[in-house]
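Q: Let me begin by handing over the structure; questions about it come next.
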Amino acid sequence: MRGVLRAIVQKYNGERRQLLAMLRDVQVTYRCVPDEAITLLAEEVDVPRIQVEGTATFYHFLSHEHRGNVTVYLNTSVGAEMAGGAEVAAAFEHEVGTPFGTTSADRAIGLYTTSCIGMSDQEPAALINDIPFTRLTPARVRAIVAGIRAATPLPEMLGPLGDGRNASPAINAEVCNNIRHPGPVFFAPYTQGVALARALESSSLDIIESVKQSGLRGRGGAGFSTGQKWASCRATDGESRYVICNADEGEPGTFKDRVILTECAELMFEGMVIAGYAVEARRGLLYLRGEYAYLVPHLEQVLQDMRAKHLLGRRILGTPFSFDIGLRVGAGAYICGEESALIESAEGKRGTPRNRPPFPTVSGYRHRPTIVNNCETFGCAARIAEHGWEWFRQHGTAGSAGVKLLSVSGDCERPGVYEVPWGTSVREVLALCGAGETMAVQVGGPSRAYVPPDRFDRRLCYEDLDTGGAVTVIGAHRDLLAIVENHMQFFANESCGFCVPCRAGNTILLHAIQKIRAGLGTTADLAAIQQLGAMVKATSRCGLGQTSPNPLLSTIDFCVRSGSGDRSVARRHRIRAARGARLTWNRVPSRSRSTASSSTPRTDRRSSRRRARTGRTSRRCATSRACRRPARAACARSRSAAARCRGAPRR
């Protein structure tokens, strides 16, 4: 094993920051990360063993246990469940002869689940040894398992190859782009190198000012001014600066970056080079989520072609400016979509978010000034350099300039990628994708609230309804609480575990929704969920915990209490009134979410009158109405000496 490990380390020149890549290679070689390999890697890279072990145990696609010579990771997101994922999972278990979460006795096939793999527009889908298999059916599962048993190479079992570059030898995937509504930025005619040449004719400060004037804001969801971020990095002193592209779109229901990486990689990389020129950086990194590892050969080929055309590398287009881009591949961790956690992962460590400040523009990768933007933002930056900020301002709204790529999935006829101007309403998106009768729309992924039918005229823009891109259509026939449970299971699994509110709070919220779905919920549970959800949002360390309770809280606000959406939710799950309270359907004012979140169940009028008359808030001893014992003292009249008095004594 030492010789194999030494070869893996030499492949990455012994660089400690490539530790995650080394561990990925170990996983592929041995189908697990053995303890001996952890010890040897620590010796070869000269880092503490605990650091190697911490990294190896953090990521979903790395395992101490053997996961089979062929490992199946079946997507269990909401989109997969809507498309019949349960039947596909049952077929896998029947054919392999082992349940999910285990490996067959002969170690031939391992069955495991994972969250969204970026294929929500073509579910059910699975990654089999990093190769995506889409639109699965039980019949196809039987054929795939039979092929694996017969030692048929996985590429030979692929169905018809997808459109565009998906059919190229570098990708060779059955994935479809599903570009439903092209626009002026990403899917318009593009001549490679034009934007970069025009940018190099200007000064770096002029580029930053142009990006500021364009109104471009980060497309990852936070919406921070791109120009201000670049200016902050440019103004920070440092020995070197870095540009990182965040291609870790782990939000369930999002897949737009997959299409950018497939069809518009040159535009995205050109935007990264322009950003490097603007902030005077010399090095860039593309952090690619582990689920998109099948795109690595294609992306490496694109980078090599750009170097051959002098659009990357030393003395770009004959100028003194030099800039190059490398790849970092994750290993399955949703939290790495957060920029500081991404930086930690890119350095070969656990993807734990950093405390901020300092922000990455001051202390980022290798503690140098760093800008982190996503694929869509860099593509927009390249178009701004090509056409000018005035052209970019022509699209969108006053506060939300440009266009937005939407990943539309769920109960609609035409799931896929839509490039629309900011300001497009939810109702217009539903018309474009062919949605039928809709209960709710989730805009922005599981971390955002549901939009009920009476708010479908809300607009997608930072002034109204901002989004990172995911749009999930939920038909009127769906069980909304089942969807919420799926989301809460996702957040409970994906918490990095650093802070208690997120680590424990999301698990408690998951148990609460499971209790309600089992028909054991009361209105007291609803109030407790709201209180706990507010606490998790207010006290969590990073964006995961700060947003994870949103789908559950919005479901209570809009579908259980307000009566909008599906009024039968409470009846379907037998949500009962707690003792001394009645379940009500009072309408929540549409303009005040805080009113909805702070409301409590209406109490029994007789109990209210008694409290007002006596000033007492607790009931008397349940054993004897004549009991005058102090509260919580042992009650002599009770049948058991261990019983406690429930209430305060009479006055």
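Quick note on naming: the chains in the structure tokens go A, B, ... in the order shown, residues restart at 1 in each chain, and ligands are numbered from 1 in order of appearance.
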Show which residues sit within 9 Å of Thr114 in chain A, as a ChimeraX atom specification. Count only C-alpha atoms, and ignore same-chain residues fewer than 3 positions away.

A: /A:60,73-77,117,126,332

Q: Would you export the selected residues with N, CA, C and O atoms as a compact mmCIF listing (two decimals), in the first residue's frame, please?

A:
```
# COMPACT_ATOMS: atom_id res chain seq x y z
N HIS A 60 -19.19 12.97 2.12
CA HIS A 60 -20.12 11.87 1.91
C HIS A 60 -19.56 10.77 1.01
O HIS A 60 -19.86 9.59 1.20
N TYR A 73 -25.02 5.63 -6.05
CA TYR A 73 -25.54 6.70 -5.22
C TYR A 73 -26.85 7.18 -5.85
O TYR A 73 -26.84 7.88 -6.85
N LEU A 74 -27.95 6.78 -5.24
CA LEU A 74 -29.26 7.13 -5.77
C LEU A 74 -29.74 8.43 -5.16
O LEU A 74 -29.71 8.62 -3.95
N ASN A 75 -30.19 9.33 -6.01
CA ASN A 75 -30.69 10.62 -5.56
C ASN A 75 -32.02 10.43 -4.82
O ASN A 75 -32.91 9.73 -5.29
N THR A 76 -32.14 11.08 -3.66
CA THR A 76 -33.37 10.98 -2.87
C THR A 76 -34.03 12.33 -2.67
O THR A 76 -34.80 12.51 -1.73
N SER A 77 -33.74 13.30 -3.52
CA SER A 77 -34.32 14.63 -3.37
C SER A 77 -35.81 14.60 -3.72
O SER A 77 -36.35 13.58 -4.20
N ILE A 117 -28.14 15.46 -7.08
CA ILE A 117 -26.91 15.32 -7.87
C ILE A 117 -26.94 16.22 -9.10
O ILE A 117 -26.16 16.02 -10.03
N ALA A 126 -29.09 8.55 -10.77
CA ALA A 126 -28.12 7.99 -9.84
C ALA A 126 -26.72 8.18 -10.41
O ALA A 126 -26.53 8.27 -11.64
N GLY A 332 -18.72 15.63 -1.98
CA GLY A 332 -20.07 15.47 -1.47
C GLY A 332 -20.27 16.13 -0.12
O GLY A 332 -20.25 15.45 0.91
```

Q: Excluding range 411-419 of chain A and residues on its chain fewer than 4 positions from it, collect all residues at most 6 Å away from it, counting only C-alpha atoms, and give them as a PyMOL selection string.

A: chain A and resi 121+178-183+404-407+433-435+473-475

Q: Counting only C-alpha atoms, figure out which residue out of A:Arg31, A:Thr523, A:Phe456, A:Arg350 gets nearest to Thr57 in chain A.

A: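 Looking only at the distances to Thr57 in chain A, the closest residue turns out to be A:Arg350.
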
Q: Quick one, how far is CA of Leu19 in chain A from CA of Gly348 in chain A?

A: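 CA of Leu19 in chain A sits 4.7 Å away from CA of Gly348 in chain A.
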
Q: Tell me, counting only C-alpha atoms, for each residue of range 243-284 of chain A within 7 Å of range 289-312 of chain A, which pair of atoms is nearest and how far apart they are in Å to one decimal, in rows ordered by chain and increasing number, as a Markdown table.

A:
```
| residue | atom | partner | partner_atom | distance |
| --- | --- | --- | --- | --- |
| A:Ala247 | CA | A:Arg289 | CA | 6.2 |
| A:Asp248 | CA | A:Arg289 | CA | 4.4 |
| A:Glu266 | CA | A:Val302 | CA | 6.9 |
```

Q: CA of Ala105 in chain A and CA of Val26 in chain A are how many Å apart?

A: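 Between CA of Ala105 in chain A and CA of Val26 in chain A the gap is 21.8 Å.
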
Q: Using DSSP assignments from the backbone, pull out every residue in range 429-459 of chain A that falls under alpha helix (DSSP H) and give it to me as an MDAnalysis selection string.

A: chainID A and resid 429:433

Q: Mind dumping the selected residues with N, CA, C and O atoms as a PDB file, in the first residue's frame?

A:
```pdb
ATOM      1  N   VAL A 429     -43.330  32.303 -15.109  1.00  0.00           N
ATOM      2  CA  VAL A 429     -42.466  31.119 -15.149  1.00  0.00           C
ATOM      3  C   VAL A 429     -43.304  29.851 -15.239  1.00  0.00           C
ATOM      4  O   VAL A 429     -42.990  28.928 -16.002  1.00  0.00           O
ATOM      5  N   LEU A 430     -44.399  29.800 -14.485  1.00  0.00           N
ATOM      6  CA  LEU A 430     -45.276  28.632 -14.533  1.00  0.00           C
ATOM      7  C   LEU A 430     -45.877  28.446 -15.920  1.00  0.00           C
ATOM      8  O   LEU A 430     -46.047  27.320 -16.392  1.00  0.00           O
ATOM      9  N   ALA A 431     -46.197  29.554 -16.581  1.00  0.00           N
ATOM     10  CA  ALA A 431     -46.736  29.464 -17.936  1.00  0.00           C
ATOM     11  C   ALA A 431     -45.675  28.959 -18.910  1.00  0.00           C
ATOM     12  O   ALA A 431     -45.964  28.159 -19.809  1.00  0.00           O
ATOM     13  N   LEU A 432     -44.429  29.418 -18.743  1.00  0.00           N
ATOM     14  CA  LEU A 432     -43.353  28.999 -19.637  1.00  0.00           C
ATOM     15  C   LEU A 432     -43.079  27.499 -19.522  1.00  0.00           C
ATOM     16  O   LEU A 432     -42.840  26.826 -20.532  1.00  0.00           O
ATOM     17  N   CYS A 433     -43.112  26.976 -18.295  1.00  0.00           N
ATOM     18  CA  CYS A 433     -42.731  25.574 -18.103  1.00  0.00           C
ATOM     19  C   CYS A 433     -43.912  24.614 -18.221  1.00  0.00           C
ATOM     20  O   CYS A 433     -43.736  23.400 -18.093  1.00  0.00           O
TER      21      CYS A 433
END
```

Q: So how many Å separate CA of Ile556 in chain A and CA of Val408 in chain A, to one decimal?

A: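 Distance reported for this atom pair: 24.3 Å.
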
Q: Can you tell me which residues surround Gln546 in chain A at a distance of at most 9 Å, considering only C-alpha atoms, apart from same-chain residues fewer than 5 positions away, and format the answer as number ranges by chain?

A: A: 447, 502, 534, 536-541

Q: Take the residues from that selection and write them out as a PDB file, in the first residue's frame, keeping all heavy atoms.

A:
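Final file, out.pdb:
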```pdb
ATOM      1  N   SER A 447     -33.966  25.923   1.163  1.00  0.00           N
ATOM      2  CA  SER A 447     -33.660  26.919   2.188  1.00  0.00           C
ATOM      3  C   SER A 447     -34.559  28.142   2.105  1.00  0.00           C
ATOM      4  O   SER A 447     -34.440  29.049   2.933  1.00  0.00           O
ATOM      5  CB  SER A 447     -32.196  27.365   2.074  1.00  0.00           C
ATOM      6  OG  SER A 447     -31.947  27.953   0.812  1.00  0.00           O
ATOM      7  N   CYS A 502     -27.699  24.410  14.792  1.00  0.00           N
ATOM      8  CA  CYS A 502     -27.915  23.766  13.497  1.00  0.00           C
ATOM      9  C   CYS A 502     -27.846  22.252  13.625  1.00  0.00           C
ATOM     10  O   CYS A 502     -28.699  21.533  13.103  1.00  0.00           O
ATOM     11  CB  CYS A 502     -26.875  24.270  12.500  1.00  0.00           C
ATOM     12  SG  CYS A 502     -27.020  23.564  10.852  1.00  0.00           S
ATOM     13  N   ALA A 534     -37.189  29.779  14.835  1.00  0.00           N
ATOM     14  CA  ALA A 534     -36.675  31.144  14.972  1.00  0.00           C
ATOM     15  C   ALA A 534     -35.330  31.144  15.694  1.00  0.00           C
ATOM     16  O   ALA A 534     -34.417  31.908  15.334  1.00  0.00           O
ATOM     17  CB  ALA A 534     -37.686  32.004  15.718  1.00  0.00           C
ATOM     18  N   VAL A 536     -33.084  28.633  15.758  1.00  0.00           N
ATOM     19  CA  VAL A 536     -32.069  28.069  14.866  1.00  0.00           C
ATOM     20  C   VAL A 536     -31.613  29.115  13.853  1.00  0.00           C
ATOM     21  O   VAL A 536     -30.420  29.280  13.592  1.00  0.00           O
ATOM     22  CB  VAL A 536     -32.614  26.812  14.162  1.00  0.00           C
ATOM     23  CG1 VAL A 536     -31.635  26.330  13.085  1.00  0.00           C
ATOM     24  CG2 VAL A 536     -32.863  25.697  15.161  1.00  0.00           C
ATOM     25  N   LYS A 537     -32.550  29.862  13.293  1.00  0.00           N
ATOM     26  CA  LYS A 537     -32.208  30.886  12.309  1.00  0.00           C
ATOM     27  C   LYS A 537     -31.360  31.997  12.921  1.00  0.00           C
ATOM     28  O   LYS A 537     -30.448  32.528  12.288  1.00  0.00           O
ATOM     29  CB  LYS A 537     -33.484  31.478  11.705  1.00  0.00           C
ATOM     30  CG  LYS A 537     -34.275  30.502  10.841  1.00  0.00           C
ATOM     31  CD  LYS A 537     -35.535  31.127  10.307  1.00  0.00           C
ATOM     32  CE  LYS A 537     -35.237  32.267   9.362  1.00  0.00           C
ATOM     33  NZ  LYS A 537     -36.462  32.780   8.723  1.00  0.00           N
ATOM     34  N   ALA A 538     -31.678  32.369  14.158  1.00  0.00           N
ATOM     35  CA  ALA A 538     -31.024  33.517  14.782  1.00  0.00           C
ATOM     36  C   ALA A 538     -29.639  33.187  15.338  1.00  0.00           C
ATOM     37  O   ALA A 538     -28.791  34.081  15.437  1.00  0.00           O
ATOM     38  CB  ALA A 538     -31.903  34.075  15.899  1.00  0.00           C
ATOM     39  N   THR A 539     -29.390  31.940  15.699  1.00  0.00           N
ATOM     40  CA  THR A 539     -28.164  31.617  16.425  1.00  0.00           C
ATOM     41  C   THR A 539     -27.210  30.703  15.672  1.00  0.00           C
ATOM     42  O   THR A 539     -26.125  30.416  16.190  1.00  0.00           O
ATOM     43  CB  THR A 539     -28.508  30.961  17.779  1.00  0.00           C
ATOM     44  OG1 THR A 539     -29.290  29.776  17.553  1.00  0.00           O
ATOM     45  CG2 THR A 539     -29.307  31.916  18.654  1.00  0.00           C
ATOM     46  N   SER A 540     -27.572  30.229  14.488  1.00  0.00           N
ATOM     47  CA  SER A 540     -26.661  29.357  13.735  1.00  0.00           C
ATOM     48  C   SER A 540     -25.494  30.160  13.183  1.00  0.00           C
ATOM     49  O   SER A 540     -25.596  31.350  12.913  1.00  0.00           O
ATOM     50  CB  SER A 540     -27.401  28.644  12.601  1.00  0.00           C
ATOM     51  OG  SER A 540     -28.307  27.686  13.109  1.00  0.00           O
ATOM     52  N   ARG A 541     -24.397  29.467  12.964  1.00  0.00           N
ATOM     53  CA  ARG A 541     -23.145  30.125  12.605  1.00  0.00           C
ATOM     54  C   ARG A 541     -23.068  30.525  11.144  1.00  0.00           C
ATOM     55  O   ARG A 541     -22.445  31.526  10.799  1.00  0.00           O
ATOM     56  CB  ARG A 541     -21.988  29.167  12.940  1.00  0.00           C
ATOM     57  CG  ARG A 541     -20.595  29.729  12.783  1.00  0.00           C
ATOM     58  CD  ARG A 541     -19.605  28.784  13.461  1.00  0.00           C
ATOM     59  NE  ARG A 541     -18.231  29.218  13.326  1.00  0.00           N
ATOM     60  CZ  ARG A 541     -17.349  28.665  12.485  1.00  0.00           C
ATOM     61  NH1 ARG A 541     -17.746  27.671  11.704  1.00  0.00           N
ATOM     62  NH2 ARG A 541     -16.104  29.081  12.441  1.00  0.00           N
TER      63      ARG A 541
END
```

Q: May I have the residues within 12 Å of range 97-99 of chain A as a list in words, using only C-alpha atoms and disregarding those fewer than 6 positions away in the same chain?

A: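 Counting only the stated atoms, we get Gly68, Val72, Ala89, Ala90, Ala91, Ala105, Asp106, Arg107, Ala108, Ile109, Gly110, Leu111, Tyr112, Thr113, Arg142 and Val145 of chain A.
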
Q: Selected residues, C-alpha atoms, written as an mmCIF file, in the first residue's frame, please.

A:
```cif
data_model
loop_
_atom_site.group_PDB
_atom_site.id
_atom_site.type_symbol
_atom_site.label_atom_id
_atom_site.label_comp_id
_atom_site.auth_asym_id
_atom_site.auth_seq_id
_atom_site.Cartn_x
_atom_site.Cartn_y
_atom_site.Cartn_z
ATOM 1 C CA GLY A 68 -18.521 -2.003 -3.375
ATOM 2 C CA VAL A 72 -24.561 3.317 -6.652
ATOM 3 C CA ALA A 89 -34.945 2.271 -5.033
ATOM 4 C CA ALA A 90 -37.040 -0.841 -4.403
ATOM 5 C CA ALA A 91 -35.876 -2.321 -7.722
ATOM 6 C CA ALA A 105 -21.842 -9.755 0.601
ATOM 7 C CA ASP A 106 -19.517 -10.282 -2.359
ATOM 8 C CA ARG A 107 -18.573 -6.566 -2.355
ATOM 9 C CA ALA A 108 -19.637 -6.323 -5.972
ATOM 10 C CA ILE A 109 -22.273 -3.604 -5.584
ATOM 11 C CA GLY A 110 -22.869 -1.003 -2.883
ATOM 12 C CA LEU A 111 -26.191 0.808 -2.581
ATOM 13 C CA TYR A 112 -26.190 4.265 -1.009
ATOM 14 C CA THR A 113 -28.340 7.358 -1.146
ATOM 15 C CA ARG A 142 -32.750 -4.679 -13.670
ATOM 16 C CA VAL A 145 -27.585 -4.649 -12.285
#
```

Q: Residues near Leu317 in chain A, anyone? I mean within 12 Å using only C-alpha atoms, not counting same-chain ones fewer than 2 positions away, as a PyMOL selection string.

A: chain A and resi 193-201+273+306-315+319-323

Q: Which residues come within 10 Å of Ile50 in chain A, counting only C-alpha atoms, excluding same-chain residues fewer than 6 positions away, as a count of residues only?

A: 4

Q: Residues within 12 Å of Arg328 in chain A, please, as a PyMOL selection string. Count only C-alpha atoms; anything in the same chain fewer than 2 positions from it doesn't count.

A: chain A and resi 12+17-22+24+244-248+284-290+292-293+296+299-300+325-326+330-331+336+342-348

Q: From the set A:Leu136, A:Cys461, A:Cys233, A:Leu154, which residue has the shortest atom-to-atom contact distance to Ala80 in chain A, counting only C-alpha atoms?

A: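 Once distances to Ala80 in chain A are computed over only C-alpha atoms, the minimum belongs to A:Leu136.
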
Q: Using only C-alpha atoms, find the one residue out of A:Ile371, A:Ala381, A:Ala173, A:Met119 that sits nearest to Glu209 in chain A.

A: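 Comparing A:Ile371, A:Ala381, A:Ala173, A:Met119 against Glu209 in chain A, the winner is A:Ala381.
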